[in-house]
Each structure stands twice: as C-alpha cells, then as structure tokens.
$ cat start_24.cif   # mmCIF, C-alpha atoms
data_upload
loop_
_atom_site.label_atom_id
_atom_site.label_comp_id
_atom_site.auth_asym_id
_atom_site.auth_seq_id
_atom_site.Cartn_x
_atom_site.Cartn_y
_atom_site.Cartn_z
CA MET H 1 26.94 73.12 11.34
CA ALA H 2 25.83 73.57 7.73
CA MET H 3 22.18 74.23 7.08
CA VAL H 4 20.25 72.03 4.66
CA LEU H 5 19.30 74.38 1.85
CA THR H 6 17.52 72.09 -0.58
CA ASN H 7 14.71 69.58 -0.65
CA THR H 8 17.14 66.96 -1.97
CA ALA H 9 18.77 64.12 -0.05
CA LEU H 10 21.81 62.14 -1.15
CA VAL H 11 21.27 58.54 -0.05
CA VAL H 12 24.53 56.58 0.29
CA LEU H 13 23.89 52.83 0.36
CA ASP H 14 26.10 50.11 1.84
CA MET H 15 29.51 51.72 1.33
CA GLN H 16 30.93 49.44 4.00
CA LYS H 17 34.17 47.48 4.14
CA TYR H 18 32.50 44.10 3.72
CA PHE H 19 30.76 45.20 0.53
CA VAL H 20 33.41 47.44 -1.06
CA GLY H 21 36.56 47.38 1.03
CA PRO H 22 39.99 46.23 -0.11
CA GLY H 23 39.91 42.49 -0.69
CA SER H 24 36.18 42.68 -1.27
CA GLN H 25 34.37 43.19 -4.55
CA ALA H 26 36.57 45.19 -6.97
CA PHE H 27 33.53 46.74 -8.65
CA GLY H 28 32.59 48.47 -5.41
CA GLN H 29 36.11 49.67 -4.75
CA ALA H 30 36.17 51.37 -8.16
CA ILE H 31 33.32 53.76 -7.28
CA VAL H 32 34.67 54.93 -3.91
CA PRO H 33 36.27 58.13 -5.35
CA SER H 34 33.00 59.04 -7.10
CA VAL H 35 30.99 58.47 -3.93
CA ILE H 36 33.44 60.62 -1.94
CA GLU H 37 33.06 63.39 -4.54
CA ALA H 38 29.25 63.11 -4.56
CA VAL H 39 29.17 63.43 -0.76
CA ASP H 40 31.51 66.46 -0.86
CA ILE H 41 29.41 68.17 -3.51
CA ALA H 42 26.18 67.40 -1.66
CA ARG H 43 27.54 68.96 1.53
CA LYS H 44 28.71 72.08 -0.33
CA ARG H 45 25.24 72.46 -1.88
CA GLY H 46 23.40 72.04 1.41
CA VAL H 47 22.03 68.64 0.37
CA LEU H 48 21.20 66.32 3.25
CA VAL H 49 23.47 63.24 3.26
CA VAL H 50 21.78 60.06 4.47
CA TRP H 51 24.06 57.10 5.16
CA VAL H 52 22.25 53.79 4.93
CA VAL H 53 24.22 50.87 6.32
CA ARG H 54 23.61 47.26 7.12
CA GLU H 55 24.29 46.29 10.71
CA HIS H 56 23.01 42.98 11.99
CA ASP H 57 22.64 41.27 15.30
CA ARG H 58 25.77 39.20 16.05
CA LEU H 59 23.66 36.03 15.95
CA GLY H 60 21.97 36.97 12.68
CA ARG H 61 18.46 37.01 14.13
CA ASP H 62 17.52 40.04 12.01
CA ILE H 63 19.01 38.95 8.69
CA GLU H 64 17.35 37.28 5.69
CA CYS H 65 17.00 33.52 6.06
CA PHE H 66 19.29 32.84 3.11
CA ARG H 67 22.18 34.61 4.91
CA ARG H 68 21.75 33.23 8.43
CA HIS H 69 24.44 30.60 7.87
CA MET H 70 26.99 33.45 8.01
CA TYR H 71 26.11 34.29 11.63
CA GLY H 72 25.93 32.53 14.99
CA ASP H 73 27.66 29.34 16.15
CA ASN H 74 30.73 31.33 17.29
CA LYS H 75 30.84 33.20 13.95
CA ILE H 76 30.70 36.96 13.82
CA GLY H 77 28.77 37.81 10.67
CA PRO H 78 30.34 40.04 8.02
CA VAL H 79 28.25 43.11 8.90
CA ALA H 80 27.45 42.41 12.54
CA LYS H 81 27.11 45.59 14.55
CA GLY H 82 30.60 46.71 15.63
CA SER H 83 32.42 44.43 13.19
CA LYS H 84 35.17 45.62 10.82
CA GLY H 85 32.98 44.74 7.82
CA ALA H 86 30.22 47.06 9.03
CA GLU H 87 32.54 50.11 9.03
CA LEU H 88 32.42 52.64 6.20
CA VAL H 89 35.20 52.28 3.64
CA ASP H 90 38.22 54.52 4.07
CA GLY H 91 37.60 58.05 2.84
CA LEU H 92 33.92 58.15 3.79
CA VAL H 93 32.98 59.82 7.06
CA ILE H 94 29.65 60.61 8.65
CA THR H 95 29.61 64.19 9.97
CA GLY H 96 27.33 65.85 12.51
CA ASP H 97 25.01 67.19 9.80
CA ASP H 98 24.49 63.78 8.20
CA TYR H 99 21.90 61.18 9.11
CA LYS H 100 22.71 57.50 9.65
CA LEU H 101 20.09 54.83 9.13
CA VAL H 102 20.52 51.11 9.80
CA LYS H 103 18.66 48.66 7.57
CA THR H 104 18.44 44.90 7.63
CA ARG H 105 17.05 44.24 4.16
CA PHE H 106 17.76 45.34 0.58
CA SER H 107 15.52 48.42 0.54
CA ALA H 108 16.43 51.34 2.76
CA PHE H 109 12.69 51.90 3.21
CA PHE H 110 11.78 48.38 4.35
CA ALA H 111 10.97 48.33 8.10
CA THR H 112 12.91 51.58 8.73
CA ASN H 113 11.95 55.18 9.51
CA LEU H 114 13.56 56.51 6.29
CA ASP H 115 10.32 57.70 4.69
CA SER H 116 9.07 59.50 7.80
CA PHE H 117 12.51 61.04 8.40
CA LEU H 118 12.77 62.32 4.81
CA ARG H 119 9.23 63.70 4.82
CA SER H 120 9.66 65.43 8.19
CA SER H 121 12.87 66.95 6.79
CA CYS H 122 10.90 68.23 3.76
CA MET H 123 12.84 66.08 1.32
CA GLU H 124 11.15 65.60 -2.06
CA LYS H 125 14.05 64.54 -4.28
CA LEU H 126 16.44 61.63 -3.78
CA VAL H 127 19.83 61.03 -5.35
CA VAL H 128 21.26 57.56 -4.74
CA VAL H 129 24.85 56.27 -4.75
CA GLY H 130 26.47 53.05 -3.49
CA VAL H 131 26.15 49.32 -4.08
CA GLN H 132 24.77 47.05 -5.48
CA THR H 133 22.67 48.16 -8.43
CA PRO H 134 20.45 45.04 -8.75
CA ASN H 135 19.89 44.67 -5.02
CA CYS H 136 19.88 47.55 -2.54
CA ILE H 137 19.98 50.35 -5.10
CA ARG H 138 17.15 48.87 -7.15
CA GLN H 139 14.92 48.00 -4.18
CA THR H 140 15.41 51.41 -2.59
CA VAL H 141 14.68 53.46 -5.71
CA PHE H 142 11.68 51.34 -6.71
CA ASP H 143 10.27 51.92 -3.22
CA ALA H 144 11.01 55.66 -3.49
CA VAL H 145 9.05 55.81 -6.74
CA SER H 146 6.19 53.88 -5.13
CA LEU H 147 6.23 56.36 -2.24
CA ASP H 148 5.84 59.25 -4.73
CA TYR H 149 9.05 61.18 -4.22
CA LYS H 150 9.08 64.06 -6.69
CA SER H 151 12.25 62.82 -8.38
CA VAL H 152 14.63 59.93 -7.89
CA ALA H 153 18.09 59.74 -9.48
CA VAL H 154 20.83 57.13 -9.48
CA ILE H 155 24.32 58.44 -10.24
CA THR H 156 25.53 55.87 -12.74
CA ASP H 157 29.26 56.09 -12.05
CA ALA H 158 28.81 56.27 -8.26
CA THR H 159 26.87 52.98 -8.20
CA ALA H 160 28.01 49.52 -9.20
CA ALA H 161 27.12 45.88 -9.68
CA SER H 162 29.15 42.69 -10.01
CA THR H 163 29.49 43.23 -13.78
CA PRO H 164 29.00 46.21 -16.09
CA GLU H 165 26.27 44.26 -17.91
CA VAL H 166 24.26 43.72 -14.73
CA HIS H 167 24.72 47.39 -13.82
CA GLU H 168 23.57 48.63 -17.25
CA ALA H 169 20.58 46.26 -17.38
CA ASN H 170 19.34 47.50 -14.01
CA LEU H 171 19.86 51.15 -14.95
CA PHE H 172 17.85 50.51 -18.12
CA ASP H 173 15.06 49.01 -16.00
CA MET H 174 15.10 51.97 -13.62
CA LYS H 175 14.82 54.46 -16.48
CA GLN H 176 11.60 52.71 -17.52
CA ILE H 177 9.89 53.80 -14.30
CA GLY H 178 11.12 57.39 -14.43
CA ILE H 179 14.36 57.23 -12.47
CA ASP H 180 16.98 59.71 -13.70
CA THR H 181 20.42 58.23 -14.39
CA PRO H 182 23.00 61.02 -14.63
CA THR H 183 26.73 60.59 -14.41
CA LEU H 184 28.46 62.31 -11.50
CA GLN H 185 29.60 65.07 -13.87
CA GLU H 186 26.05 65.60 -15.17
CA TRP H 187 24.70 65.74 -11.62
CA CYS H 188 27.43 68.22 -10.63
CA GLU H 189 26.39 70.48 -13.49
CA SER H 190 22.67 70.26 -12.64
CA ASP H 191 20.69 72.32 -10.15
CA ALA H 192 19.99 69.47 -7.73
#
$ encode --input "start_24.cif" --output "structure tokens"
Amino acid sequence: MAMVLTNTALVVLDMQKYFVGPGSQAFGQAIVPSVIEAVDIARKRGVLVVWVVREHDRLGRDIECFRRHMYGDNKIGPVAKGSKGAELVDGLVITGDDYKLVKTRFSAFFATNLDSFLRSSCMEKLVVVGVQTPNCIRQTVFDAVSLDYKSVAVITDATAASTPEVHEANLFDMKQIGIDTPTLQEWCESDA
C-alpha cells in the first residue's frame, strides 16, 4: 500500500461508461488517455486519488427531477447502481489506496461526505479531471473554492465538454475565481 505523501487530492469525476464509454459522447472518450496518465502520475507522487461516480437507485428516487423519466417503469436507468453505464471506462481502475465516493448531483460536495473526508485526510489542494466541464466539474470546483481549499486546479486536457467552445468558456469562468487551469504536461512538471 502506497502512503499518501502530499496534501493534494486528484478528484476524478464521472469517468463512467454511460458518460464517456464507447458509443457515448466522443468528447469524453478523447480524454480517457489523459485521465489514465493523471491517475498514474498522482499515484507515483503519493497524491490521494478520489473517484467520484454517479450511482442512482434503480427507480431513480435519488436523481434530479428532470432525469427521473430515465428510471423506473421497468427501465434500468443509465447509471443505476450495478448497471453497465455506472462502471468506470476501460483503463481506469480503483485500487486499495484510492477513495470512492458516490454522488447523486452535479457537485461532488453536495450531500456527500467529500469535504469531511478530505479535511480529515489533511487535503488542502484539489486537482480535478473528468467530465463535463459546465456541469459536474464546474459545480465541484466552485464549491471547493467556496469551502476555502488552498488551491483548486482543473487539468484542461483531462476534462471535457460537449464542444471545445463550451469547455473553453467554462475554463475562462473558472480562472476568474482563482482556479488554476494547467495542461496535463504543465501539471506533470509542477510540484503538486
């Protein structure tokens, strides 16, 4: 078991088959190699890897109202607990040193124990990868800033949105509130 050596956590958001798997959104599929590399580098550096996934009740009782039509009535929702869509995409694996957190809304902090877990693990800095930039990435990093994490970064080429324009517009917005936006290469060359 590797020891966590830093006060930095890599937060991997929604890298599940429904969101980025083959036959799903191509933009998400394109970042899979970068996310795999970010996870590998984090583990080598002793950075805590936190996997944040969506898993919903099979009947959709814990999902946003606007998505409930995708669940129930003999339908298994796309990210129902135990479904194929809820699995991590190929190439990404949770190891014994990682932490898995289930969320049911856009932000990884909303109605979860993420903040208390990170604080009790002495985490002060967050680096975020995954999908989608205007939704789960944005909500999570805005909440992290509101919760006063020392630094928050979004790796630009290990995150994605439905179009490059949407991705860039959201990154621009995030920079305005102090979120760092390095490329994977820049993050690899940094100290964190």
$ closest_residue --input "start_24.cif" --among "H:Ala158, H:Ala144, H:Leu184, H:Cys122" --to "Val32 in chain H" --atoms "all atoms listed in the file"
H:Ala158
$ resolve_selection --input "start_24.cif" --expression "the PyMOL selection byres ((chain H and resi 160) around 8)" --output "PyMOL selection string"
chain H and resi 27-28+31+130-133+156-159+161-164+167
$ resolve_selection --input "start_24.cif" --expression "the PyMOL selection byres ((chain H and resi 188) around 10)" --output "list in words"
Glu37, Ala38, Ile41, Ala42, Arg45, Pro182, Thr183, Leu184, Gln185, Glu186, Trp187, Glu189, Ser190, Asp191 and Ala192 of chain H
$ residues_around --input "start_24.cif" --residues "Gly85 in chain H" --least-positions-apart "2" --cutoff "9 Å" --atoms "only C-alpha atoms" --output "MDAnalysis selection string"
chainID H and resid 16:19 21 77:83 87:89
$ closest_atom_pairs --input "start_24.cif" --of "range 113-183 of chain H" --to "range 52-57 of chain H" --cutoff "12 Å" --atoms "all atoms listed in the file" --output "Markdown table"
| residue | atom | partner | partner_atom | distance |
| --- | --- | --- | --- | --- |
| H:Asn113 | CA | H:Val52 | CA | 11.4 |
| H:Leu114 | CA | H:Val52 | CA | 9.2 |
| H:Val128 | CA | H:Val52 | CA | 10.4 |
| H:Val129 | CA | H:Val52 | CA | 10.3 |
| H:Gly130 | CA | H:Val52 | CA | 9.4 |
| H:Val131 | CA | H:Val53 | CA | 10.7 |
| H:Cys136 | CA | H:Val52 | CA | 10.0 |
| H:Ile137 | CA | H:Val52 | CA | 10.8 |
| H:Thr140 | CA | H:Val52 | CA | 10.4 |
$ atom_distance --input "start_24.cif" --atom1 "CA of Val49 in chain H" --atom2 "CA of Asp180 in chain H"
18.5 Å
$ closest_residue --input "start_24.cif" --among "H:Glu124, H:Gly91, H:Ile36, H:Leu59" --to "Ile76 in chain H" --atoms "all atoms listed in the file"
H:Leu59
$ atom_distance --input "start_24.cif" --atom1 "CA of Tyr149 in chain H" --atom2 "CA of Ser116 in chain H"
12.1 Å
$ residues_around --input "start_24.cif" --residues "Ile179 in chain H" --least-positions-apart "6" --cutoff "9 Å" --atoms "all atoms listed in the file" --output "VMD selection string"
chain H and resid 141 to 142 145 151 to 154 171 173
$ closest_residue --input "start_24.cif" --among "H:Val47, H:Met70, H:Val20, H:Leu13" --to "Phe109 in chain H" --atoms "all atoms listed in the file"
H:Leu13
$ atom_distance --input "start_24.cif" --atom1 "CA of Thr112 in chain H" --atom2 "CA of Trp51 in chain H"
12.9 Å
$ resolve_selection --input "start_24.cif" --expression "the PyMOL selection byres ((chain H and resi 95) around 12)" --output "number ranges by chain"
H: 1-2, 39-40, 43, 48-51, 92-94, 96-100
$ write_last_selection --input "start_24.cif" --atoms "C-alpha atoms" --output "short mmCIF file (atom, residue, chain, number, x, y, z; two decimals), in the coordinates of the input"
data_model
loop_
_atom_site.label_atom_id
_atom_site.label_comp_id
_atom_site.auth_asym_id
_atom_site.auth_seq_id
_atom_site.Cartn_x
_atom_site.Cartn_y
_atom_site.Cartn_z
CA MET H 1 26.94 73.12 11.34
CA ALA H 2 25.83 73.57 7.73
CA VAL H 39 29.17 63.43 -0.76
CA ASP H 40 31.51 66.46 -0.86
CA ARG H 43 27.54 68.96 1.53
CA LEU H 48 21.20 66.32 3.25
CA VAL H 49 23.47 63.24 3.26
CA VAL H 50 21.78 60.06 4.47
CA TRP H 51 24.06 57.10 5.16
CA LEU H 92 33.92 58.15 3.79
CA VAL H 93 32.98 59.82 7.06
CA ILE H 94 29.65 60.61 8.65
CA GLY H 96 27.33 65.85 12.51
CA ASP H 97 25.01 67.19 9.80
CA ASP H 98 24.49 63.78 8.20
CA TYR H 99 21.90 61.18 9.11
CA LYS H 100 22.71 57.50 9.65
#
$ closest_residue --input "start_24.cif" --among "H:Lys150, H:Arg138, H:Lys175, H:Asp143" --to "Met123 in chain H" --atoms "only C-alpha atoms"
H:Lys150
$ build_atoms --input "start_24.cif" --residues "range 79-90 of chain H" --atoms "all heavy atoms" --output "CSV table (one decimal), in the frame of the given file"
chain,number,residue,atom,x,y,z
H,79,VAL,N,28.7,41.7,8.6
H,79,VAL,CA,28.2,43.1,8.9
H,79,VAL,C,27.5,43.2,10.2
H,79,VAL,O,26.6,43.9,10.4
H,79,VAL,CB,27.4,43.8,7.8
H,79,VAL,CG1,28.3,44.2,6.6
H,79,VAL,CG2,26.3,42.9,7.3
H,80,ALA,N,28.0,42.4,11.2
H,80,ALA,CA,27.4,42.4,12.5
H,80,ALA,C,27.8,43.8,13.1
H,80,ALA,O,28.9,44.3,12.9
H,80,ALA,CB,28.0,41.3,13.4
H,81,LYS,N,26.9,44.3,13.9
H,81,LYS,CA,27.1,45.6,14.6
H,81,LYS,C,28.5,45.6,15.3
H,81,LYS,O,28.8,44.7,16.0
H,81,LYS,CB,26.0,45.9,15.5
H,81,LYS,CG,26.1,47.3,16.1
H,81,LYS,CD,24.9,47.7,16.9
H,81,LYS,CE,25.0,49.1,17.4
H,81,LYS,NZ,23.8,49.7,17.7
H,82,GLY,N,29.3,46.6,15.0
H,82,GLY,CA,30.6,46.7,15.6
H,82,GLY,C,31.7,46.0,14.9
H,82,GLY,O,32.9,46.1,15.3
H,83,SER,N,31.4,45.2,13.9
H,83,SER,CA,32.4,44.4,13.2
H,83,SER,C,33.2,45.3,12.2
H,83,SER,O,32.7,46.4,11.8
H,83,SER,CB,31.8,43.3,12.4
H,83,SER,OG,31.0,43.7,11.3
H,84,LYS,N,34.4,44.9,11.8
H,84,LYS,CA,35.2,45.6,10.8
H,84,LYS,C,34.4,45.8,9.5
H,84,LYS,O,34.4,46.8,8.9
H,84,LYS,CB,36.5,44.9,10.6
H,84,LYS,CG,37.6,45.7,10.0
H,84,LYS,CD,38.2,46.6,11.1
H,84,LYS,CE,39.5,47.1,10.6
H,84,LYS,NZ,39.8,48.4,11.3
H,85,GLY,N,33.7,44.7,9.1
H,85,GLY,CA,33.0,44.7,7.8
H,85,GLY,C,31.8,45.7,7.8
H,85,GLY,O,31.4,46.2,6.7
H,86,ALA,N,31.3,46.1,9.0
H,86,ALA,CA,30.2,47.1,9.0
H,86,ALA,C,30.7,48.5,8.9
H,86,ALA,O,29.9,49.4,8.7
H,86,ALA,CB,29.4,46.8,10.3
H,87,GLU,N,32.0,48.7,9.1
H,87,GLU,CA,32.5,50.1,9.0
H,87,GLU,C,32.5,50.7,7.6
H,87,GLU,O,32.6,49.9,6.6
H,87,GLU,CB,34.0,50.1,9.5
H,87,GLU,CG,34.2,49.7,10.9
H,87,GLU,CD,35.7,49.6,11.3
H,87,GLU,OE1,36.6,49.9,10.4
H,87,GLU,OE2,36.0,49.2,12.4
H,88,LEU,N,32.4,52.0,7.5
H,88,LEU,CA,32.4,52.6,6.2
H,88,LEU,C,33.8,52.5,5.6
H,88,LEU,O,34.8,52.4,6.4
H,88,LEU,CB,32.1,54.1,6.3
H,88,LEU,CG,30.7,54.5,6.7
H,88,LEU,CD1,30.6,56.1,6.8
H,88,LEU,CD2,29.7,54.0,5.7
H,89,VAL,N,33.9,52.4,4.3
H,89,VAL,CA,35.2,52.3,3.6
H,89,VAL,C,36.0,53.5,3.9
H,89,VAL,O,35.5,54.6,4.2
H,89,VAL,CB,35.1,52.0,2.1
H,89,VAL,CG1,34.5,50.7,1.8
H,89,VAL,CG2,34.4,53.1,1.4
H,90,ASP,N,37.3,53.4,3.8
H,90,ASP,CA,38.2,54.5,4.1
H,90,ASP,C,37.9,55.7,3.1
H,90,ASP,O,37.7,55.4,1.9
H,90,ASP,CB,39.7,54.1,3.9
H,90,ASP,CG,40.1,53.1,4.9
H,90,ASP,OD1,39.4,53.0,6.0
H,90,ASP,OD2,41.1,52.3,4.7
